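The file model.cif comes next; it holds mmCIF, C-alpha atoms.
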data_start
loop_
_atom_site.label_atom_id
_atom_site.label_comp_id
_atom_site.auth_asym_id
_atom_site.auth_seq_id
_atom_site.Cartn_x
_atom_site.Cartn_y
_atom_site.Cartn_z
CA MET A 1 17.62 -27.36 -7.49
CA ASP A 2 18.36 -28.00 -3.82
CA LEU A 3 16.00 -26.14 -1.55
CA ASN A 4 18.71 -24.03 0.10
CA ALA A 5 19.02 -20.32 0.88
CA GLN A 6 19.76 -19.53 -2.79
CA TRP A 7 16.51 -21.24 -3.74
CA ALA A 8 14.61 -19.32 -1.06
CA ALA A 9 16.04 -16.06 -2.39
CA ALA A 10 15.19 -17.06 -5.97
CA TRP A 11 11.67 -17.85 -4.75
CA MET A 12 11.29 -14.33 -3.37
CA ARG A 13 12.57 -12.84 -6.65
CA GLU A 14 10.17 -14.97 -8.72
CA ALA A 15 7.32 -14.07 -6.40
CA ALA A 16 8.18 -10.38 -6.75
CA ALA A 17 8.17 -10.72 -10.53
CA ALA A 18 4.82 -12.54 -10.37
CA MET A 19 3.32 -9.80 -8.19
CA ALA A 20 4.57 -7.09 -10.55
CA GLY A 21 3.27 -9.02 -13.57
CA ASN A 22 -0.10 -9.72 -11.94
CA ARG A 23 -0.45 -6.39 -10.20
CA GLN A 24 -3.37 -5.25 -12.34
CA ARG A 25 -5.07 -8.65 -12.21
CA LEU A 26 -4.97 -8.65 -8.40
CA ILE A 27 -6.20 -5.06 -8.29
CA ASP A 28 -9.11 -5.99 -10.56
CA LEU A 29 -10.00 -9.08 -8.50
CA ASP A 30 -9.87 -6.98 -5.32
CA ARG A 31 -11.87 -4.14 -6.86
CA ALA A 32 -14.73 -6.55 -7.53
CA ILE A 33 -15.12 -7.61 -3.89
CA GLY A 34 -12.73 -5.51 -1.80
CA ASP A 35 -10.81 -2.26 -1.71
CA ALA A 36 -8.71 -2.66 -4.87
CA ASP A 37 -5.37 -2.40 -3.08
CA HIS A 38 -4.17 -6.03 -3.07
CA GLY A 39 -2.10 -5.85 -6.27
CA GLU A 40 -0.38 -2.66 -5.26
CA ASN A 41 0.24 -3.89 -1.72
CA MET A 42 1.70 -7.25 -2.77
CA ASP A 43 3.87 -5.65 -5.44
CA ARG A 44 5.24 -3.14 -2.92
CA GLY A 45 5.85 -5.84 -0.28
CA PHE A 46 7.70 -8.30 -2.48
CA SER A 47 9.69 -5.56 -4.23
CA ALA A 48 10.86 -4.48 -0.79
CA ILE A 49 12.04 -8.04 -0.05
CA VAL A 50 14.11 -8.07 -3.25
CA GLU A 51 15.58 -4.66 -2.38
CA LYS A 52 16.62 -6.00 1.02
CA LEU A 53 18.19 -9.13 -0.48
CA ASP A 54 20.08 -6.93 -2.97
CA ALA A 55 21.25 -4.55 -0.27
CA ASP A 56 22.16 -7.03 2.49
CA GLY A 57 22.95 -10.19 0.51
CA VAL A 58 21.30 -13.60 0.82
CA PRO A 59 21.25 -15.00 4.40
CA ALA A 60 22.73 -18.43 5.18
CA THR A 61 19.56 -20.51 5.49
CA PRO A 62 16.07 -20.63 3.96
CA SER A 63 14.70 -19.94 7.43
CA GLU A 64 16.56 -16.62 7.58
CA VAL A 65 15.36 -15.67 4.11
CA PHE A 66 11.77 -16.36 5.21
CA LYS A 67 12.24 -14.30 8.36
CA LEU A 68 13.54 -11.37 6.33
CA ALA A 69 10.52 -11.77 4.03
CA ALA A 70 8.13 -11.89 6.99
CA MET A 71 9.44 -8.74 8.63
CA THR A 72 9.45 -6.86 5.33
CA LEU A 73 5.92 -7.89 4.37
CA MET A 74 4.61 -6.90 7.79
CA SER A 75 5.97 -3.40 7.57
CA LYS A 76 5.58 -2.70 3.85
CA VAL A 77 2.37 -4.30 2.60
CA GLY A 78 -0.10 -2.09 4.47
CA GLY A 79 -3.25 -4.15 3.90
CA ALA A 80 -4.44 -7.34 5.59
CA ALA A 81 -2.03 -9.37 3.47
CA GLY A 82 0.89 -7.86 5.44
CA PRO A 83 0.17 -9.42 8.81
CA LEU A 84 -1.25 -12.57 7.17
CA TYR A 85 1.67 -13.42 4.88
CA GLY A 86 4.06 -11.95 7.43
CA THR A 87 2.79 -14.42 10.02
CA ALA A 88 2.87 -17.23 7.45
CA PHE A 89 6.54 -16.69 6.60
CA LEU A 90 7.49 -16.09 10.24
CA ARG A 91 5.88 -19.34 11.45
CA GLY A 92 7.25 -21.18 8.42
CA SER A 93 10.69 -19.78 9.17
CA THR A 94 10.53 -21.12 12.73
CA ALA A 95 9.38 -24.56 11.48
CA VAL A 96 12.55 -25.01 9.39
CA ALA A 97 14.96 -23.05 11.60
CA GLY A 98 18.64 -24.00 11.29
CA LYS A 99 18.23 -26.20 8.19
CA GLU A 100 20.50 -25.42 5.25
CA GLU A 101 18.46 -27.51 2.82
CA LEU A 102 14.81 -28.41 2.97
CA SER A 103 13.62 -31.98 2.41
CA ALA A 104 10.11 -32.83 1.23
CA GLU A 105 9.14 -33.27 4.89
CA ASP A 106 10.58 -29.84 5.67
CA VAL A 107 8.49 -28.35 2.86
CA VAL A 108 5.40 -29.91 4.42
CA ALA A 109 6.40 -28.57 7.85
CA PHE A 110 6.98 -25.10 6.39
CA LEU A 111 3.68 -25.01 4.51
CA THR A 112 1.71 -26.41 7.44
CA ALA A 113 3.13 -23.85 9.87
CA ALA A 114 2.57 -21.05 7.35
CA ARG A 115 -1.04 -22.08 6.76
CA ASP A 116 -1.66 -22.42 10.51
CA GLY A 117 -0.21 -18.94 10.97
CA ILE A 118 -2.64 -17.46 8.46
CA VAL A 119 -5.55 -19.28 10.11
CA SER A 120 -4.63 -18.10 13.60
CA ARG A 121 -4.03 -14.52 12.47
CA GLY A 122 -7.11 -14.15 10.26
CA LYS A 123 -9.45 -16.61 12.03
CA ALA A 124 -10.68 -17.85 8.65
CA GLU A 125 -11.77 -21.41 7.93
CA PRO A 126 -11.81 -23.28 4.62
CA GLY A 127 -14.82 -22.09 2.61
CA ASP A 128 -14.67 -18.48 3.86
CA LYS A 129 -13.32 -17.33 0.46
CA THR A 130 -9.83 -16.37 1.63
CA MET A 131 -6.19 -17.36 1.06
CA VAL A 132 -6.90 -20.35 3.34
CA ASP A 133 -8.90 -21.87 0.46
CA ALA A 134 -5.74 -22.02 -1.63
CA PHE A 135 -3.32 -22.75 1.21
CA THR A 136 -5.15 -25.67 2.79
CA PRO A 137 -5.38 -27.85 -0.34
CA ALA A 138 -1.73 -26.94 -0.97
CA VAL A 139 -0.71 -28.30 2.44
CA GLU A 140 -2.74 -31.47 1.90
CA ALA A 141 -1.25 -32.05 -1.55
CA ALA A 142 2.24 -31.49 -0.17
CA GLN A 143 1.63 -34.06 2.56
CA THR A 144 0.42 -36.60 0.00
CA ALA A 145 3.40 -35.93 -2.28
CA ALA A 146 5.94 -36.13 0.53
CA SER A 147 4.55 -39.41 1.84
CA ALA A 148 4.80 -40.78 -1.73
CA GLU A 149 8.52 -39.95 -1.56
CA ALA A 150 8.43 -37.00 -3.92
CA SER A 151 11.43 -34.64 -3.86
CA GLY A 152 11.18 -31.27 -2.12
CA ALA A 153 10.78 -29.54 -5.48
CA GLU A 154 8.07 -31.96 -6.58
CA THR A 155 6.30 -31.45 -3.28
CA LEU A 156 6.26 -27.69 -3.92
CA SER A 157 4.90 -28.29 -7.38
CA ALA A 158 2.08 -30.46 -6.02
CA ALA A 159 1.27 -27.73 -3.50
CA ALA A 160 1.18 -25.03 -6.17
CA ASN A 161 -1.12 -27.05 -8.41
CA ALA A 162 -3.51 -27.75 -5.54
CA ALA A 163 -3.50 -24.05 -4.61
CA GLU A 164 -4.50 -23.18 -8.15
CA ALA A 165 -7.40 -25.63 -7.99
CA GLY A 166 -8.35 -24.19 -4.61
CA LEU A 167 -8.30 -20.69 -6.09
CA ALA A 168 -10.74 -21.76 -8.82
CA GLY A 169 -12.98 -23.16 -6.11
CA THR A 170 -13.33 -19.75 -4.42
CA GLU A 171 -15.38 -18.33 -7.29
CA PRO A 172 -18.86 -19.48 -6.18
CA LEU A 173 -18.16 -18.93 -2.47
CA ILE A 174 -19.72 -16.20 -0.34
CA ALA A 175 -17.04 -14.30 1.59
CA ARG A 176 -17.21 -14.63 5.35
CA LYS A 177 -14.01 -12.83 6.31
CA GLY A 178 -12.40 -9.50 5.48
CA ARG A 179 -13.72 -6.56 3.51
CA ALA A 180 -15.48 -8.80 0.98
CA SER A 181 -17.71 -10.20 3.74
CA TYR A 182 -19.54 -6.85 3.83
CA LEU A 183 -20.83 -7.69 0.33
CA GLY A 184 -22.54 -10.89 1.47
CA GLU A 185 -24.01 -12.83 -1.44
CA ARG A 186 -22.73 -10.30 -3.93
CA SER A 187 -19.21 -11.62 -3.26
CA ALA A 188 -20.11 -14.87 -5.05
CA GLY A 189 -19.08 -15.16 -8.71
CA HIS A 190 -15.59 -13.70 -8.20
CA LEU A 191 -12.23 -15.30 -7.50
CA ASP A 192 -10.73 -14.39 -4.13
CA PRO A 193 -7.71 -12.08 -4.55
CA GLY A 194 -5.98 -13.53 -1.47
CA ALA A 195 -6.27 -17.07 -2.81
CA ALA A 196 -4.91 -15.73 -6.11
CA SER A 197 -1.81 -14.22 -4.49
CA THR A 198 -1.26 -17.40 -2.44
CA THR A 199 -1.30 -19.38 -5.68
CA LEU A 200 1.22 -17.01 -7.28
CA ILE A 201 3.54 -17.31 -4.26
CA LEU A 202 3.45 -21.12 -4.24
CA GLN A 203 3.89 -21.29 -8.02
CA ALA A 204 6.98 -19.09 -7.63
CA ALA A 205 8.36 -21.48 -4.98
CA ALA A 206 8.02 -24.45 -7.35
CA SER A 207 9.32 -22.51 -10.31
CA ALA A 208 12.40 -21.33 -8.40
CA ALA A 209 13.09 -24.98 -7.58
CA GLY A 210 13.05 -25.78 -11.30
CA GLU A 211 9.61 -27.38 -11.32
CA LYS A 212 6.86 -26.38 -13.68
CA ALA A 213 3.90 -25.02 -11.80
CA MET B 1 0.67 8.41 35.71
CA ARG B 2 -2.15 7.59 33.32
CA VAL B 3 -2.80 4.77 30.87
CA GLY B 4 -1.97 5.85 27.31
CA LEU B 5 -3.87 5.07 24.12
CA VAL B 6 -2.76 4.21 20.60
CA ILE B 7 -5.37 4.68 17.87
CA VAL B 8 -4.69 2.26 15.01
CA SER B 9 -6.57 3.08 11.83
CA HIS B 10 -6.29 2.52 8.10
CA SER B 11 -6.47 6.27 7.72
CA ASP B 12 -4.06 8.80 9.18
CA LYS B 13 -6.81 11.44 9.17
CA LEU B 14 -9.20 9.16 11.01
CA ALA B 15 -6.62 8.36 13.71
CA GLU B 16 -5.59 12.01 14.11
CA GLY B 17 -9.21 13.18 14.18
CA LEU B 18 -10.16 10.63 16.80
CA CYS B 19 -7.21 11.65 19.00
CA GLU B 20 -8.45 15.24 18.71
CA LEU B 21 -12.01 14.24 19.60
CA ALA B 22 -11.11 12.01 22.55
CA GLY B 23 -8.52 14.53 23.69
CA GLN B 24 -11.24 17.07 24.41
CA MET B 25 -12.37 14.91 27.28
CA ALA B 26 -8.95 13.61 28.23
CA PRO B 27 -6.46 16.49 28.13
CA ASP B 28 -3.87 14.67 30.25
CA VAL B 29 -3.90 11.32 28.45
CA ALA B 30 -1.26 10.38 25.88
CA LEU B 31 -3.35 9.79 22.74
CA ILE B 32 -1.13 8.63 19.91
CA ALA B 33 -2.36 8.25 16.33
CA ALA B 34 -0.99 5.31 14.34
CA GLY B 35 -2.93 5.65 11.10
CA GLY B 36 -2.06 4.87 7.50
CA THR B 37 1.00 3.29 5.96
CA ASP B 38 4.59 4.54 6.34
CA ASP B 39 4.24 6.58 3.15
CA GLY B 40 0.91 8.14 4.14
CA GLY B 41 -1.38 5.83 2.18
CA ILE B 42 -4.42 3.89 3.37
CA GLY B 43 -3.39 0.84 5.39
CA THR B 44 -1.66 -0.01 8.64
CA SER B 45 1.98 0.09 9.60
CA LEU B 46 3.57 -2.18 12.17
CA GLU B 47 6.33 0.36 12.72
CA LYS B 48 3.89 3.20 13.42
CA ILE B 49 2.08 1.05 15.96
CA GLN B 50 5.30 0.02 17.67
CA ALA B 51 6.49 3.62 17.83
CA GLY B 52 3.05 4.67 19.09
CA ILE B 53 3.19 2.16 21.94
CA ALA B 54 6.59 3.48 22.99
CA ARG B 55 5.31 7.07 22.98
CA ALA B 56 2.04 6.33 24.76
CA ASP B 57 3.59 4.30 27.56
CA GLY B 58 4.14 6.49 30.58
CA GLY B 59 4.44 3.51 32.91
CA ALA B 60 0.78 2.75 33.59
CA GLY B 61 0.34 0.74 30.41
CA VAL B 62 -1.14 1.29 26.97
CA VAL B 63 -4.45 0.34 25.39
CA LEU B 64 -4.66 -0.07 21.60
CA LEU B 65 -7.86 0.47 19.65
CA ALA B 66 -8.07 -0.53 16.00
CA ASP B 67 -10.55 -0.15 13.16
CA LEU B 68 -10.96 -2.73 10.37
CA GLY B 69 -9.43 -6.19 9.82
CA SER B 70 -5.81 -5.53 8.95
CA ALA B 71 -5.50 -2.82 11.61
CA VAL B 72 -6.56 -5.37 14.21
CA MET B 73 -4.19 -8.00 12.82
CA THR B 74 -1.25 -5.61 12.64
CA ALA B 75 -1.95 -4.46 16.21
CA GLU B 76 -1.97 -8.11 17.32
CA MET B 77 1.40 -8.60 15.64
CA ALA B 78 2.79 -5.58 17.44
CA LEU B 79 1.71 -7.15 20.74
CA GLU B 80 3.39 -10.44 19.84
CA PHE B 81 6.67 -8.66 19.15
CA LEU B 82 6.71 -7.02 22.60
CA GLU B 83 9.34 -7.97 25.14
CA GLU B 84 8.09 -10.40 27.78
CA ASP B 85 8.01 -7.78 30.56
CA GLN B 86 5.97 -5.37 28.40
CA ARG B 87 3.21 -7.80 27.46
CA GLU B 88 1.35 -7.37 30.74
CA LYS B 89 1.09 -3.64 30.25
CA ILE B 90 -0.07 -3.39 26.63
CA ARG B 91 -3.55 -4.48 25.66
CA LEU B 92 -5.72 -4.43 22.52
CA ALA B 93 -9.33 -3.56 23.32
CA ASP B 94 -12.07 -5.41 21.44
CA ALA B 95 -14.17 -2.30 20.96
CA PRO B 96 -15.69 -0.08 18.27
CA LEU B 97 -13.03 2.48 17.40
CA VAL B 98 -14.68 5.83 18.06
CA GLU B 99 -16.89 4.94 21.01
CA GLY B 100 -14.22 2.70 22.50
CA ALA B 101 -11.53 5.35 22.22
CA VAL B 102 -13.67 8.04 23.84
CA ALA B 103 -14.67 5.73 26.69
CA ALA B 104 -11.08 4.57 27.17
CA ALA B 105 -9.74 8.13 27.08
CA VAL B 106 -12.16 9.27 29.76
CA ALA B 107 -11.38 6.24 31.91
CA ALA B 108 -7.67 6.94 31.54
CA GLN B 109 -8.18 10.61 32.34
CA THR B 110 -9.88 9.68 35.61
CA GLY B 111 -6.87 7.62 36.58
CA GLN B 112 -8.40 4.18 36.08
CA ASP B 113 -5.95 1.30 35.77
CA LEU B 114 -5.22 -0.68 32.61
CA ALA B 115 -7.89 -3.33 33.16
CA ALA B 116 -10.56 -0.71 33.89
CA VAL B 117 -9.67 1.30 30.78
CA VAL B 118 -9.96 -1.84 28.63
CA ARG B 119 -13.25 -2.72 30.34
CA ASP B 120 -14.74 0.72 29.68
CA ALA B 121 -13.64 0.62 26.04
CA GLU B 122 -15.18 -2.81 25.54
CA ALA B 123 -18.39 -1.79 27.35
CA ALA B 124 -18.82 0.92 24.70
CA ALA B 125 -19.98 -1.75 22.23
CA ALA B 126 -22.73 -2.85 24.60
CA SER B 127 -23.82 0.72 25.23
CA MET B 128 -24.06 1.33 21.47
CA ALA B 129 -26.22 -1.76 21.01
CA GLY B 130 -28.33 -0.69 23.97
CA ALA B 131 -28.80 2.80 22.60
CA ALA B 132 -29.95 1.44 19.26
CA ALA B 133 -32.42 -0.94 20.88
CA GLU B 134 -33.78 1.59 23.34
CA SER B 135 -33.88 4.70 21.21
CA GLY B 136 -37.25 6.35 21.60
CA ALA B 137 -38.23 4.19 24.57
CA ALA B 138 -39.39 6.06 27.66
CA PRO B 139 -37.54 5.41 30.93
CA ALA B 140 -39.25 2.53 32.70
CA ASP B 141 -39.08 3.88 36.24
CA ALA B 142 -41.12 6.85 37.34
CA ALA B 143 -38.80 9.46 38.84
CA PRO B 144 -39.25 10.34 42.48
CA GLU B 145 -40.02 13.88 43.63
CA LEU B 146 -37.68 16.46 42.18
CA ASP B 147 -34.94 17.90 44.36
CA ASP B 148 -35.82 15.46 47.10
CA ILE B 149 -33.17 13.11 48.46
CA ASP B 150 -34.65 9.81 49.59
CA GLN B 151 -32.94 7.10 51.53
CA ASP B 152 -34.47 3.65 51.56
CA ASP B 153 -33.94 0.87 54.12
CA THR B 154 -30.95 -0.58 52.27
CA GLY B 155 -28.98 2.68 52.51
CA VAL B 156 -29.44 3.64 48.86
CA LEU B 157 -29.66 7.40 48.35
CA GLU B 158 -31.84 8.68 45.55
CA ALA B 159 -32.41 12.11 44.11
CA SER B 160 -33.76 13.71 40.95
CA TRP B 161 -33.33 17.01 39.19
CA GLU B 162 -34.53 18.55 35.97
CA LEU B 163 -31.81 19.43 33.47
CA ILE B 164 -31.76 23.18 32.89
CA ASN B 165 -28.89 23.75 30.49
CA PRO B 166 -30.03 23.94 26.85
CA MET B 167 -27.77 21.13 25.60
CA GLY B 168 -28.68 18.60 28.30
CA LEU B 169 -26.31 15.80 29.26
CA HIS B 170 -24.19 15.87 26.09
CA ALA B 171 -20.60 14.67 25.71
CA ARG B 172 -18.79 17.30 27.76
CA PRO B 173 -21.01 17.23 30.87
CA ALA B 174 -21.26 13.44 30.60
CA ALA B 175 -17.48 13.35 30.85
CA VAL B 176 -17.50 15.79 33.77
CA VAL B 177 -20.07 13.71 35.64
CA ALA B 178 -18.37 10.39 34.91
CA GLN B 179 -15.03 11.78 36.04
CA ALA B 180 -16.47 13.18 39.27
CA MET B 181 -18.29 9.93 40.02
CA ALA B 182 -15.32 7.72 39.17
CA ASP B 183 -13.33 9.18 42.06
CA LEU B 184 -15.98 8.25 44.62
CA ASP B 185 -16.29 5.07 46.62
CA ALA B 186 -19.92 4.32 45.79
CA ASP B 187 -22.07 2.40 43.34
CA ILE B 188 -23.73 5.14 41.33
CA THR B 189 -26.57 4.64 38.89
CA ILE B 190 -27.97 7.47 36.80
CA ASN B 191 -31.29 6.80 35.07
CA GLY B 192 -30.53 3.10 35.25
CA VAL B 193 -27.00 3.16 33.82
CA ASP B 194 -23.50 3.20 35.33
CA GLY B 195 -22.86 6.78 36.47
CA LYS B 196 -19.09 6.29 36.07
CA SER B 197 -19.31 5.47 32.37
CA VAL B 198 -19.30 8.45 30.04
CA MET B 199 -20.55 6.35 27.15
CA MET B 200 -23.51 5.03 29.11
CA LEU B 201 -24.37 8.54 30.24
CA MET B 202 -24.21 9.84 26.68
CA THR B 203 -26.44 7.08 25.41
CA LEU B 204 -29.17 8.27 27.80
CA GLY B 205 -29.58 11.25 25.48
CA LEU B 206 -30.98 13.45 28.29
CA LYS B 207 -32.09 16.85 27.02
CA ALA B 208 -33.10 20.13 28.65
CA GLY B 209 -36.23 19.54 30.71
CA ASP B 210 -35.56 15.80 31.14
CA THR B 211 -35.24 14.39 34.63
CA LEU B 212 -31.95 12.98 35.86
CA THR B 213 -32.31 10.46 38.67
CA VAL B 214 -29.34 9.23 40.64
CA SER B 215 -29.17 6.37 43.08
CA ALA B 216 -25.99 5.88 45.06
CA HIS B 217 -24.85 3.28 47.55
CA GLY B 218 -21.66 3.13 49.56
CA PRO B 219 -19.42 5.30 51.76
CA ASP B 220 -19.37 8.25 49.34
CA ALA B 221 -23.03 7.99 48.33
CA GLU B 222 -24.00 11.25 49.97
CA ARG B 223 -21.14 13.12 48.35
CA ALA B 224 -22.06 11.67 44.97
CA VAL B 225 -25.62 12.96 45.26
CA GLU B 226 -24.47 16.38 46.48
CA MET B 227 -21.88 16.81 43.74
CA LEU B 228 -24.27 15.71 41.05
CA GLY B 229 -27.00 18.01 42.35
CA LEU B 230 -24.61 20.94 42.28
CA GLU B 231 -23.54 20.17 38.70
CA VAL B 232 -27.10 19.79 37.44
CA ARG B 233 -28.35 22.94 39.18
CA ASN B 234 -25.40 24.86 37.71
CA GLY B 235 -26.37 23.59 34.26
CA PHE B 236 -22.95 21.87 34.13
CA GLY B 237 -21.42 25.36 34.04
CA GLU B 238 -23.08 26.10 30.70
CA ILE B 239 -25.61 28.73 31.79
#

If you convert what's in this file into structure tokens, what do you get?
Amino acid sequence: MDLNAQWAAAWMREAAAAMAGNRQRLIDLDRAIGDADHGENMDRGFSAIVEKLDADGVPATPSEVFKLAAMTLMSKVGGAAGPLYGTAFLRGSTAVAGKEELSAEDVVAFLTAARDGIVSRGKAEPGDKTMVDAFTPAVEAAQTAASAEASGAETLSAAANAAEAGLAGTEPLIARKGRASYLGERSAGHLDPGAASTTLILQAAASAAGEKA
Amino acid sequence: MRVGLVIVSHSDKLAEGLCELAGQMAPDVALIAAGGTDDGGIGTSLEKIQAGIARADGGAGVVLLADLGSAVMTAEMALEFLEEDQREKIRLADAPLVEGAVAAAVAAQTGQDLAAVVRDAEAAAASMAGAAAESGAAPADAAPELDDIDQDDTGVLEASWELINPMGLHARPAAVVAQAMADLDADITINGVDGKSVMMLMTLGLKAGDTLTVSAHGPDAERAVEMLGLEVRNGFGEI
């Protein structure tokens, strides 16, 4: 599938379905090291995006879909994921502004800007046990795929797979950012819920483009 | 025209309660609570913060104070969405929520400008750390003779009084003193801390029978000492 506005809208719908389907899993992950609201918050945020797309129709470009997603997540999520993913989609939206279809390079530009947005908003570095630990390997894998002349959809798939590996890598880490950081060493031995939701979002992007993730 | 405050918290009750608390010392300051999500749950709402800024802004600017992680991030987003001409007037203070809000509210009440309100809020963190480190420690300097105003060669006025009201220099009189001192053109130190900072005064923890020592320097130094002496001898109006 071409990475156009219809794809971007399909991505949001798949992500919403993934959040609904994984709501309890995210709640359980967050209960172990946080405040147990991540599943509920993400489900509410992405459902609200779908409601907006249903009510107002799909905008003309992927960039506009991402902007709609950003504004909705910021106002509806409630927890830290709202400003973090909101910033990610807003910066990503700006990075691909005006384009009707995204190339592999555009996917890299989108993911890089989104990741940088999360880093600047949350001040987390790789290894802090946050969504950055899924997002950063995803960006790197996307860069590698794009420079090997993969398609946009394949680039998304590479990113999603790397995010999943990054998520697995958060288990032994000690949290240094967010609510989980209050737990110190007791945060080790659990997957990070933010890295888990990042993985779900990127898998939805690849899946909406017709790639297995 | 006073600086307004927006209290950003995960909890609506926490934000409302803090506005109530700070409002006791700052009856004329716009204190707006932006707590909880749009549907009343635990979390933060960009829209509540944006609406709060609009309500708190009476022209002299607005200071935001926020509690945990996502409240800070959402407040930062609200600042980024401001129009260019508004950005100068709206600031997020890097301060502990309760102490920062009380300090900022008192500074705003005394008519301090935006930068001074932010400074007082942010100084609240230092005064907390200081209070923790110094709790139980005796004041280092021996107080001079009670009720005796001394003037040294450098023009610094000094005076001491014993506190006679049962509650000592608690929150309300600390606010009264800080407000009175803030209006004066003088450097004022009370028992070694800034006499214009309500938080610093509160952290002194002066009780009935303790000695309050002021040193003042500048054009209004004499007035500062007189006003303070009157307040102390009146037991801050509590006896």

Review point. What residues in chain A lie within 8 Å of chain B, counting all atoms listed in the file, written as an MDAnalysis selection string?
Key: chainID A and resid 74:76 78:84 121:122 178:179

Review point. Expressed in Å to a single decimal, how great is the separation between CA of Gly166 in chain A and CA of Ser120 in chain A?
Key: 19.6 Å

Check your understanding: Using the chain letters and numbers from the file, which residues does the PyMOL selection byres ((chain B and resi 205) around 8) grab, as a list in words?
Key ->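 So the PyMOL selection byres ((chain B and resi 205) around 8), applied here, picks out Gly168, Leu169, His170, Leu201, Met202, Thr203, Leu204, Leu206 and Lys207 of chain B.
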
Might you pull out every residue within 8 Å of Glu40 in chain A, with only C-alpha atoms counted and same-chain residues fewer than 4 positions away left off, and present them as a compact mmCIF listing (two decimals) with C-alpha atoms, keeping the file's coordinate frame?
# COMPACT_ATOMS: atom_id res chain seq x y z
CA ARG A 23 -0.45 -6.39 -10.20
CA ILE A 27 -6.20 -5.06 -8.29
CA ARG A 44 5.24 -3.14 -2.92

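Comparing the minimum interatomic distances between Leu3 in chain A and each of A:Thr155, A:Thr136, A:Thr112, A:Thr198, counting only C-alpha atoms, we find that A:Thr155 sits nearest.
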
Review point. Care to translate the PyMOL selection byres ((chain B and resi 95-108) around 8) into actual residues of this file, as a VMD selection string?
Key: chain B and resid 2 to 5 7 18 21 to 23 25 to 26 29 31 65 to 67 93 to 94 109 to 113 116 to 118 120 to 125 175 179 197 to 199

Those residues you just picked out, can you put them in a file as a PDB file, in the coordinates of the input with C-alpha atoms?
ATOM      1  CA  ARG B   2      -2.150   7.590  33.320  1.00  0.00           C
ATOM      2  CA  VAL B   3      -2.800   4.770  30.870  1.00  0.00           C
ATOM      3  CA  GLY B   4      -1.970   5.850  27.310  1.00  0.00           C
ATOM      4  CA  LEU B   5      -3.870   5.070  24.120  1.00  0.00           C
ATOM      5  CA  ILE B   7      -5.370   4.680  17.870  1.00  0.00           C
ATOM      6  CA  LEU B  18     -10.160  10.630  16.800  1.00  0.00           C
ATOM      7  CA  LEU B  21     -12.010  14.240  19.600  1.00  0.00           C
ATOM      8  CA  ALA B  22     -11.110  12.010  22.550  1.00  0.00           C
ATOM      9  CA  GLY B  23      -8.520  14.530  23.690  1.00  0.00           C
ATOM     10  CA  MET B  25     -12.370  14.910  27.280  1.00  0.00           C
ATOM     11  CA  ALA B  26      -8.950  13.610  28.230  1.00  0.00           C
ATOM     12  CA  VAL B  29      -3.900  11.320  28.450  1.00  0.00           C
ATOM     13  CA  LEU B  31      -3.350   9.790  22.740  1.00  0.00           C
ATOM     14  CA  LEU B  65      -7.860   0.470  19.650  1.00  0.00           C
ATOM     15  CA  ALA B  66      -8.070  -0.530  16.000  1.00  0.00           C
ATOM     16  CA  ASP B  67     -10.550  -0.150  13.160  1.00  0.00           C
ATOM     17  CA  ALA B  93      -9.330  -3.560  23.320  1.00  0.00           C
ATOM     18  CA  ASP B  94     -12.070  -5.410  21.440  1.00  0.00           C
ATOM     19  CA  GLN B 109      -8.180  10.610  32.340  1.00  0.00           C
ATOM     20  CA  THR B 110      -9.880   9.680  35.610  1.00  0.00           C
ATOM     21  CA  GLY B 111      -6.870   7.620  36.580  1.00  0.00           C
ATOM     22  CA  GLN B 112      -8.400   4.180  36.080  1.00  0.00           C
ATOM     23  CA  ASP B 113      -5.950   1.300  35.770  1.00  0.00           C
ATOM     24  CA  ALA B 116     -10.560  -0.710  33.890  1.00  0.00           C
ATOM     25  CA  VAL B 117      -9.670   1.300  30.780  1.00  0.00           C
ATOM     26  CA  VAL B 118      -9.960  -1.840  28.630  1.00  0.00           C
ATOM     27  CA  ASP B 120     -14.740   0.720  29.680  1.00  0.00           C
ATOM     28  CA  ALA B 121     -13.640   0.620  26.040  1.00  0.00           C
ATOM     29  CA  GLU B 122     -15.180  -2.810  25.540  1.00  0.00           C
ATOM     30  CA  ALA B 123     -18.390  -1.790  27.350  1.00  0.00           C
ATOM     31  CA  ALA B 124     -18.820   0.920  24.700  1.00  0.00           C
ATOM     32  CA  ALA B 125     -19.980  -1.750  22.230  1.00  0.00           C
ATOM     33  CA  ALA B 175     -17.480  13.350  30.850  1.00  0.00           C
ATOM     34  CA  GLN B 179     -15.030  11.780  36.040  1.00  0.00           C
ATOM     35  CA  SER B 197     -19.310   5.470  32.370  1.00  0.00           C
ATOM     36  CA  VAL B 198     -19.300   8.450  30.040  1.00  0.00           C
ATOM     37  CA  MET B 199     -20.550   6.350  27.150  1.00  0.00           C
TER      38      MET B 199
END

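Across the model, the gap from CA of Phe236 in chain B to CA of Leu163 in chain B is 9.2 Å.
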